[in-house]
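For reference, my_file.txt (compact mmCIF, C-alpha atoms):
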```txt
# COMPACT_ATOMS: atom_id res chain seq x y z
CA MET A 1 307.89 15.10 241.34
CA CYS A 2 308.30 18.66 242.51
CA LEU A 3 310.98 19.54 245.00
CA GLY A 4 310.71 22.30 247.55
CA ILE A 5 312.47 25.37 246.22
CA PRO A 6 313.62 28.54 247.96
CA GLY A 7 311.97 31.83 247.15
CA ARG A 8 312.76 35.38 248.17
CA ILE A 9 309.99 37.65 249.42
CA VAL A 10 309.52 40.64 247.13
CA SER A 11 306.42 42.16 248.65
CA THR A 12 303.39 41.32 250.74
CA THR A 13 300.11 43.04 251.46
CA PRO A 14 298.86 43.07 255.05
CA GLY A 15 295.70 41.02 255.35
CA LEU A 16 296.27 39.05 252.17
CA ASP A 17 297.64 35.51 252.05
CA LEU A 18 299.29 35.86 248.65
CA GLY A 19 302.71 37.48 248.44
CA GLN A 20 304.99 38.30 245.54
CA VAL A 21 307.97 35.98 245.72
CA GLU A 22 310.95 35.60 243.42
CA VAL A 23 311.40 31.96 242.52
CA ALA A 24 314.32 31.04 240.27
CA GLY A 25 314.33 34.50 238.76
CA VAL A 26 310.58 34.65 238.19
CA VAL A 27 308.23 36.59 240.47
CA ARG A 28 305.24 34.45 241.38
CA GLU A 29 302.27 34.69 243.70
CA ILE A 30 302.89 32.38 246.63
CA ASN A 31 300.45 31.58 249.41
CA LEU A 32 301.96 32.53 252.78
CA ALA A 33 298.98 31.51 254.91
CA LEU A 34 300.66 28.52 256.51
CA LEU A 35 303.35 30.66 258.17
CA ASP A 36 303.09 33.44 260.68
CA GLY A 37 303.86 36.90 259.38
CA PRO A 38 305.00 39.53 259.04
CA PHE A 39 307.36 38.87 256.16
CA VAL A 40 310.25 41.11 255.30
CA PRO A 41 311.26 41.73 251.67
CA GLY A 42 314.45 39.79 251.03
CA GLU A 43 313.55 37.04 253.46
CA TYR A 44 313.79 33.45 252.15
CA ILE A 45 311.07 30.84 252.38
CA LEU A 46 310.81 27.22 251.29
CA ILE A 47 308.03 26.77 248.72
CA HIS A 48 306.22 23.61 247.75
CA SER A 49 303.21 23.44 245.41
CA GLY A 50 302.57 27.15 245.67
CA PHE A 51 302.73 27.38 249.46
CA ALA A 52 305.44 28.68 251.76
CA LEU A 53 306.15 25.90 254.23
CA GLU A 54 309.02 27.29 256.29
CA ARG A 55 311.44 30.17 256.62
CA MET A 56 315.01 29.66 255.48
CA THR A 57 318.27 31.31 256.39
CA PRO A 58 320.08 32.97 253.47
CA GLU A 59 322.82 30.37 253.80
CA ARG A 60 320.43 27.43 253.56
CA ALA A 61 318.62 29.06 250.67
CA ALA A 62 321.93 29.58 248.85
CA ASP A 63 322.82 25.91 249.30
CA ALA A 64 319.46 24.83 247.94
CA LEU A 65 319.61 27.26 245.02
CA ALA A 66 323.04 25.92 244.12
CA PHE A 67 321.43 22.49 243.74
CA PHE A 68 318.96 23.97 241.29
CA GLY A 69 321.75 25.68 239.40
CA GLY A 70 320.69 29.07 240.64
CA GLU A 71 322.54 31.78 242.50
CA MET B 1 289.73 0.71 222.84
CA ALA B 2 292.88 1.67 221.03
CA VAL B 3 295.45 3.67 222.96
CA ALA B 4 297.26 6.25 220.88
CA THR B 5 300.90 5.57 220.28
CA THR B 6 303.15 8.38 221.38
CA SER B 7 306.83 8.82 222.10
CA GLY B 8 308.38 8.72 225.55
CA PRO B 9 309.34 12.41 225.66
CA ILE B 10 305.85 13.50 224.63
CA LEU B 11 304.35 11.14 227.20
CA PHE B 12 306.58 12.79 229.80
CA VAL B 13 305.29 16.20 228.78
CA ARG B 14 301.66 15.12 229.10
CA TYR B 15 302.20 14.09 232.71
CA ALA B 16 304.59 16.88 233.73
CA LEU B 17 302.69 19.71 232.08
CA ALA B 18 300.08 20.54 234.72
CA PRO B 19 302.40 21.31 237.67
CA ASN B 20 304.74 23.10 235.29
CA LEU B 21 301.98 25.43 234.13
CA LEU B 22 301.18 26.10 237.78
CA GLY B 23 304.82 27.05 238.35
CA TYR B 24 305.43 24.24 240.82
CA CYS B 25 308.28 22.45 239.09
CA GLY B 26 310.35 22.25 235.93
CA PRO B 27 311.49 25.11 233.71
CA ALA B 28 309.80 28.48 233.92
CA ASP B 29 308.35 28.68 230.40
CA GLY B 30 305.37 26.38 230.71
CA SER B 31 303.95 27.51 227.40
CA ALA B 32 306.90 25.90 225.62
CA LEU B 33 306.14 22.58 227.26
CA LEU B 34 302.50 22.94 226.29
CA ALA B 35 303.50 23.44 222.67
CA TYR B 36 305.65 20.31 222.76
CA GLY B 37 302.76 18.34 224.26
CA ALA B 38 300.44 19.37 221.46
CA GLY B 39 302.86 18.19 218.79
CA ALA B 40 304.93 15.13 218.20
CA ALA B 41 308.35 16.69 217.58
CA VAL B 42 311.13 15.76 219.98
CA ASP B 43 314.31 17.82 220.00
CA ASP B 44 317.15 18.71 222.34
CA GLY B 45 315.10 21.56 223.77
CA LEU B 46 312.44 19.17 224.98
CA ARG B 47 315.01 16.79 226.42
CA GLU B 48 316.72 19.64 228.27
CA ARG B 49 313.40 20.77 229.70
CA ALA B 50 312.66 17.26 230.92
CA ARG B 51 315.99 17.17 232.75
CA GLN B 52 314.97 20.32 234.61
CA PHE B 53 312.28 18.40 236.46
CA GLU B 54 314.69 17.74 239.29
CA GLY B 55 312.22 15.65 241.23
CA ALA B 56 311.40 13.18 238.48
CA TRP B 57 314.64 12.95 236.53
CA PRO B 58 316.71 10.91 239.04
CA TYR B 59 313.97 8.28 239.16
CA LEU B 60 313.85 8.05 235.37
CA GLU B 61 317.62 7.56 235.39
CA MET B 62 317.37 4.89 238.07
CA ILE B 63 314.75 2.91 236.17
CA ALA B 64 316.67 3.28 232.91
CA GLU B 65 319.95 2.16 234.45
CA THR B 66 318.36 -0.93 235.98
CA ALA B 67 316.60 -1.80 232.74
CA GLY B 68 319.74 -1.30 230.69
CA ILE B 69 318.00 1.32 228.57
CA ARG B 70 320.16 4.30 227.69
CA ASP B 71 317.43 6.89 227.26
CA PRO B 72 315.61 7.94 230.48
CA LEU B 73 312.86 9.31 228.24
CA ASP B 74 312.25 5.96 226.57
CA TYR B 75 308.50 5.31 226.56
CA ARG B 76 308.86 2.28 228.84
CA ILE B 77 310.82 4.29 231.41
CA VAL B 78 308.44 7.24 231.39
CA GLU B 79 305.46 4.92 231.71
CA ALA B 80 307.11 3.09 234.62
CA TYR B 81 307.61 6.33 236.55
CA TRP B 82 304.17 7.87 236.04
CA LEU B 83 301.95 4.79 235.84
CA GLY B 84 304.04 1.76 236.74
CA ASN B 85 304.97 -1.32 234.74
CA ALA B 86 307.14 -4.40 234.98
CA LEU B 87 310.34 -2.35 234.98
CA LEU B 88 309.56 -1.21 238.53
CA GLY B 89 309.62 -4.83 239.64
CA ASP B 90 313.15 -5.08 238.30
CA VAL B 91 314.21 -2.03 240.31
CA GLY B 92 312.55 -3.33 243.45
CA ALA B 93 311.77 -1.55 246.68
CA ARG B 94 315.21 -0.06 247.00
CA LEU B 95 314.25 3.46 248.01
CA LYS B 96 313.92 4.70 251.58
CA ALA B 97 311.13 2.98 253.57
CA GLY B 98 310.64 0.37 250.86
CA GLY B 99 309.64 2.81 248.15
CA MET B 100 309.87 2.30 244.42
CA PRO B 101 310.75 4.92 241.77
CA HIS B 102 307.14 5.76 240.98
CA HIS B 103 305.52 9.18 241.09
CA SER B 104 303.27 8.10 243.96
CA TYR B 105 306.38 7.45 246.07
CA GLN B 106 307.49 11.01 245.53
CA VAL B 107 304.04 12.39 246.41
CA PHE B 108 303.06 10.23 249.36
CA CYS B 109 306.42 9.31 250.89
CA CYS B 110 308.76 12.22 250.08
CA TYR B 111 306.70 15.37 250.01
CA PRO B 112 306.29 17.24 253.30
CA TRP B 113 302.51 17.29 252.94
CA ALA B 114 301.62 13.88 254.42
CA ASP B 115 303.18 14.95 257.69
CA LEU B 116 300.99 18.06 257.69
CA LEU B 117 297.68 16.18 257.41
CA GLY B 118 297.07 16.36 261.14
CA ASN B 119 298.06 20.00 261.31
CA GLU B 120 295.04 22.18 262.04
CA ARG B 121 296.33 25.02 259.91
CA ALA B 122 297.75 23.10 256.97
CA GLY B 123 295.77 19.85 256.95
CA GLN B 124 293.17 20.80 254.38
CA GLN B 125 295.74 22.13 251.94
CA ALA B 126 297.94 19.09 252.54
CA LEU B 127 295.14 16.74 251.50
CA HIS B 128 294.43 18.87 248.43
CA VAL B 129 298.06 18.80 247.31
CA LEU B 130 298.42 15.07 247.88
CA ASP B 131 295.24 14.40 245.90
CA GLN B 132 296.00 16.70 243.01
CA CYS B 133 299.69 15.95 242.68
CA ARG B 134 299.28 12.18 242.56
CA ILE B 135 298.32 10.79 239.18
CA ARG B 136 294.59 10.09 239.48
CA TRP B 137 292.48 7.95 237.18
CA GLY B 138 288.92 8.40 236.11
CA ARG B 139 286.33 7.59 233.45
CA VAL B 140 284.97 10.06 230.98
CA ILE B 141 281.32 11.01 231.31
CA ALA B 142 281.23 13.73 228.66
CA ASP B 143 283.76 15.52 226.46
CA VAL B 144 282.66 19.10 225.94
CA GLY B 145 285.69 20.40 224.07
CA THR B 146 288.46 21.97 226.09
CA HIS B 147 286.95 20.54 229.25
CA VAL B 148 285.89 17.02 230.13
CA LEU B 149 283.55 15.74 232.83
CA VAL B 150 285.01 12.66 234.49
CA GLU B 151 284.15 10.38 237.38
CA SER B 152 287.00 9.77 239.82
CA ARG B 153 287.71 9.13 243.48
CA ALA B 154 289.29 11.80 245.64
CA LEU B 155 291.80 11.14 248.38
CA THR B 156 290.33 11.26 251.88
CA TRP B 157 291.82 11.64 255.35
CA ASP B 158 289.88 10.49 258.42
CA GLY B 159 292.44 11.71 260.93
CA ARG B 160 294.35 8.43 260.88
CA ALA B 161 294.74 7.19 257.32
CA LEU B 162 294.57 8.23 253.69
CA ALA B 163 292.13 6.39 251.45
CA LEU B 164 290.15 6.83 248.26
CA GLY B 165 286.66 8.21 248.70
CA PRO B 166 283.46 7.47 246.78
CA LEU B 167 283.10 8.24 243.10
CA ARG B 168 282.51 11.92 242.40
CA LYS B 169 282.26 14.01 239.26
CA GLU B 170 284.89 16.61 238.40
CA THR B 171 285.64 18.81 235.43
CA VAL B 172 289.16 18.67 234.05
CA ILE B 173 291.05 20.37 231.24
CA ARG B 174 291.88 18.73 227.93
CA GLY B 175 293.26 21.75 226.10
CA THR B 176 293.60 25.51 226.19
CA ASP B 177 294.08 28.42 223.82
CA GLY B 178 293.41 26.26 220.81
CA ILE B 179 296.01 23.70 221.90
CA ASP B 180 294.67 20.21 222.33
CA LEU B 181 296.85 17.51 223.92
CA LEU B 182 294.50 14.65 223.14
CA GLY B 183 291.91 13.92 220.55
CA PRO B 184 288.22 13.76 221.42
CA LEU B 185 287.32 11.40 224.25
CA SER B 186 284.33 9.10 224.49
CA PRO B 187 282.13 8.34 227.48
CA GLY B 188 283.62 5.37 229.32
CA ASP B 189 287.23 6.07 228.30
CA TRP B 190 289.75 5.69 231.11
CA VAL B 191 291.95 8.75 231.55
CA THR B 192 294.73 9.79 233.87
CA LEU B 193 294.68 13.16 235.64
CA HIS B 194 297.31 15.45 237.15
CA TRP B 195 296.11 18.55 238.95
CA GLN B 196 293.26 19.82 236.76
CA TRP B 197 294.53 18.38 233.49
CA ILE B 198 293.90 15.16 231.62
CA CYS B 199 297.25 13.51 230.92
CA ASP B 200 296.34 10.63 228.66
CA ARG B 201 293.75 8.14 227.56
CA VAL B 202 294.79 4.77 229.00
CA ASP B 203 293.77 1.15 228.79
CA LEU B 204 292.75 -1.02 231.71
CA ARG B 205 296.24 -2.52 232.07
CA ARG B 206 297.68 0.92 232.70
CA VAL B 207 294.89 1.87 235.11
CA THR B 208 295.52 -1.35 237.00
CA ALA B 209 299.25 -0.60 237.24
CA LEU B 210 298.59 2.94 238.45
CA ARG B 211 296.17 1.67 241.08
CA LYS B 212 298.66 -0.97 242.22
CA TYR B 213 301.66 1.31 242.71
CA SER B 214 299.57 4.14 244.14
CA ALA B 215 298.05 1.75 246.70
CA TYR B 216 301.49 0.40 247.55
CA HIS B 217 302.88 3.81 248.44
CA LEU B 218 299.66 4.89 250.12
CA THR B 219 300.01 1.87 252.41
CA LEU B 220 303.62 2.72 253.17
CA THR B 221 302.56 6.23 254.13
CA ASN B 222 299.60 5.11 256.22
CA ASN B 223 301.83 2.66 258.08
CA ARG B 224 304.34 5.41 258.75
CA LEU B 225 301.70 7.90 259.88
CA ALA B 226 300.25 5.29 262.25
CA LEU B 227 303.57 5.23 264.07
CA VAL B 228 303.77 9.01 264.50
```

Is it possible to express this structure as structure tokens?
Amino acid sequence: MCLGIPGRIVSTTPGLDLGQVEVAGVVREINLALLDGPFVPGEYILIHSGFALERMTPERAADALAFFGGE
Amino acid sequence: MAVATTSGPILFVRYALAPNLLGYCGPADGSALLAYGAGAAVDDGLRERARQFEGAWPYLEMIAETAGIRDPLDYRIVEAYWLGNALLGDVGARLKAGGMPHHSYQVFCCYPWADLLGNERAGQQALHVLDQCRIRWGRVIADVGTHVLVESRALTWDGRALALGPLRKETVIRGTDGIDLLGPLSPGDWVTLHWQWICDRVDLRRVTALRKYSAYHLTLTNNRLALV
């Protein structure tokens, strides 16, 4: 029942799969292992079930967030 | 075995709670949903939270509209979406690729994970998500308080098709922090599972419905993957 939702990278630690990602205003630990790094703070990713599945442009992320009633 | 009577909104909470606590979907304050699930009170706050499950809500509305039932959180509607019942037959296979508005359609046919099963990097996680996010069923072996030992069948992937594997034992959660969603369970009880939580105690009719609609959408997905 969960939809993929955009998240914004807050911080990552080299060598660790988990990154701090802002999702709908809440910072969560998201697993970035399925994508190639490095990740830049502010970059958008598509998240599903706790995993980043693809990178998103800011424009695409904004469109998706609008659907969720976000930014 | 008697199945406890509960309201539709509370039934929705029991099934939606686990991914919400994990932060995967629904409103951010999972503890609020947990509190609703432990009680019986239904208010506007609960209804608003249910609407924030953007993946499930349109299907509840679709089933309700077809059935001529005004409330998408009516027990019959909620049961149809999570487990399956005769209302799905009234809706028919009107979704893309012959799907029906059942949770297993969302998991197997809509999520990106089935297409990642053959991916060397993501395949193992894809199988885990598909298995845990579907509504599973199992039988209680022992209730040890906040945790319950159950026997269930995990989803398997042989490189070509998804299937259910042999019976295995797993430990699942019945309550936490003094909050108990269900009363004590007895060995042999059928239960439904979502991620690591027990959703509900169910009778054989409901298990049969869940098996039927899960198998239907699993077949749709296997047929699609065979063509890739």

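Neighbouring residues of region 20-25 of chain A at 8 Å or closer, counting only C-alpha atoms and skipping chain neighbours under 6 positions away, are Ile5, Pro6, Gly7, Arg8, Ile9, Val10, Ser11, Thr12 and Gly70 of chain A.
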
Report as a tab-separated table: every residue of chain A with an atom at most 10 Å from chain B, its closest pair of atoms, and their distance in Å to one decimal, counting all atoms listed in the file, with rows sorted by chain and ascending residue number.
```
residue	atom	partner	partner_atom	distance
A:Met1	CA	B:Gly55	CA	4.4
A:Cys2	CA	B:Cys25	CA	5.1
A:Leu3	CA	B:Gly55	CA	5.6
A:Gly4	CA	B:Tyr111	CA	8.4
A:Ile5	CA	B:Cys25	CA	8.8
A:Val23	CA	B:Gly23	CA	9.2
A:Ala24	CA	B:Ala28	CA	8.2
A:Gly25	CA	B:Ala28	CA	9.0
A:Val26	CA	B:Ala28	CA	7.5
A:Arg28	CA	B:Gly23	CA	8.0
A:Glu29	CA	B:Gly23	CA	9.7
A:Ala33	CA	B:Arg121	CA	8.6
A:Leu34	CA	B:Ala122	CA	6.2
A:Leu35	CA	B:Arg121	CA	9.2
A:Ile47	CA	B:Tyr24	CA	8.7
A:His48	CA	B:Tyr24	CA	7.0
A:Ser49	CA	B:Tyr24	CA	5.2
A:Gly50	CA	B:Tyr24	CA	6.3
A:Phe51	CA	B:Gln125	CA	9.1
A:Leu53	CA	B:Pro112	CA	8.7
A:Phe67	CA	B:Glu54	CA	9.4
A:Phe68	CA	B:Glu54	CA	7.8
A:Gly69	CA	B:Gln52	CA	9.9
```

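Across the structure, CA of Thr192 (chain B) and CA of Leu167 (chain B) are spaced 14.9 Å apart.
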
Exercise for the section: Write out as a ChimeraX atom specification which residues come within 9 Å of Ala163 (chain B) when counting all atoms listed in the file, dropping same-chain ones fewer than 3 positions away. Expected result: /B:154-158,215,218,222

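Distances from B:Ala32, B:Ala226, B:Ala93, B:Leu60 to Ala80 (chain B) were compared using all atoms listed in the file, and the smallest one belongs to B:Leu60.
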
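Atom to atom, CA of Asp43 (chain B) and CA of Leu83 (chain B) stand 23.9 Å apart.
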
Practice task
Calculate how many Å separate CA of Leu46 (chain B) from CA of Ala62 (chain A), rounding to one decimal.
Solution key: 27.7 Å
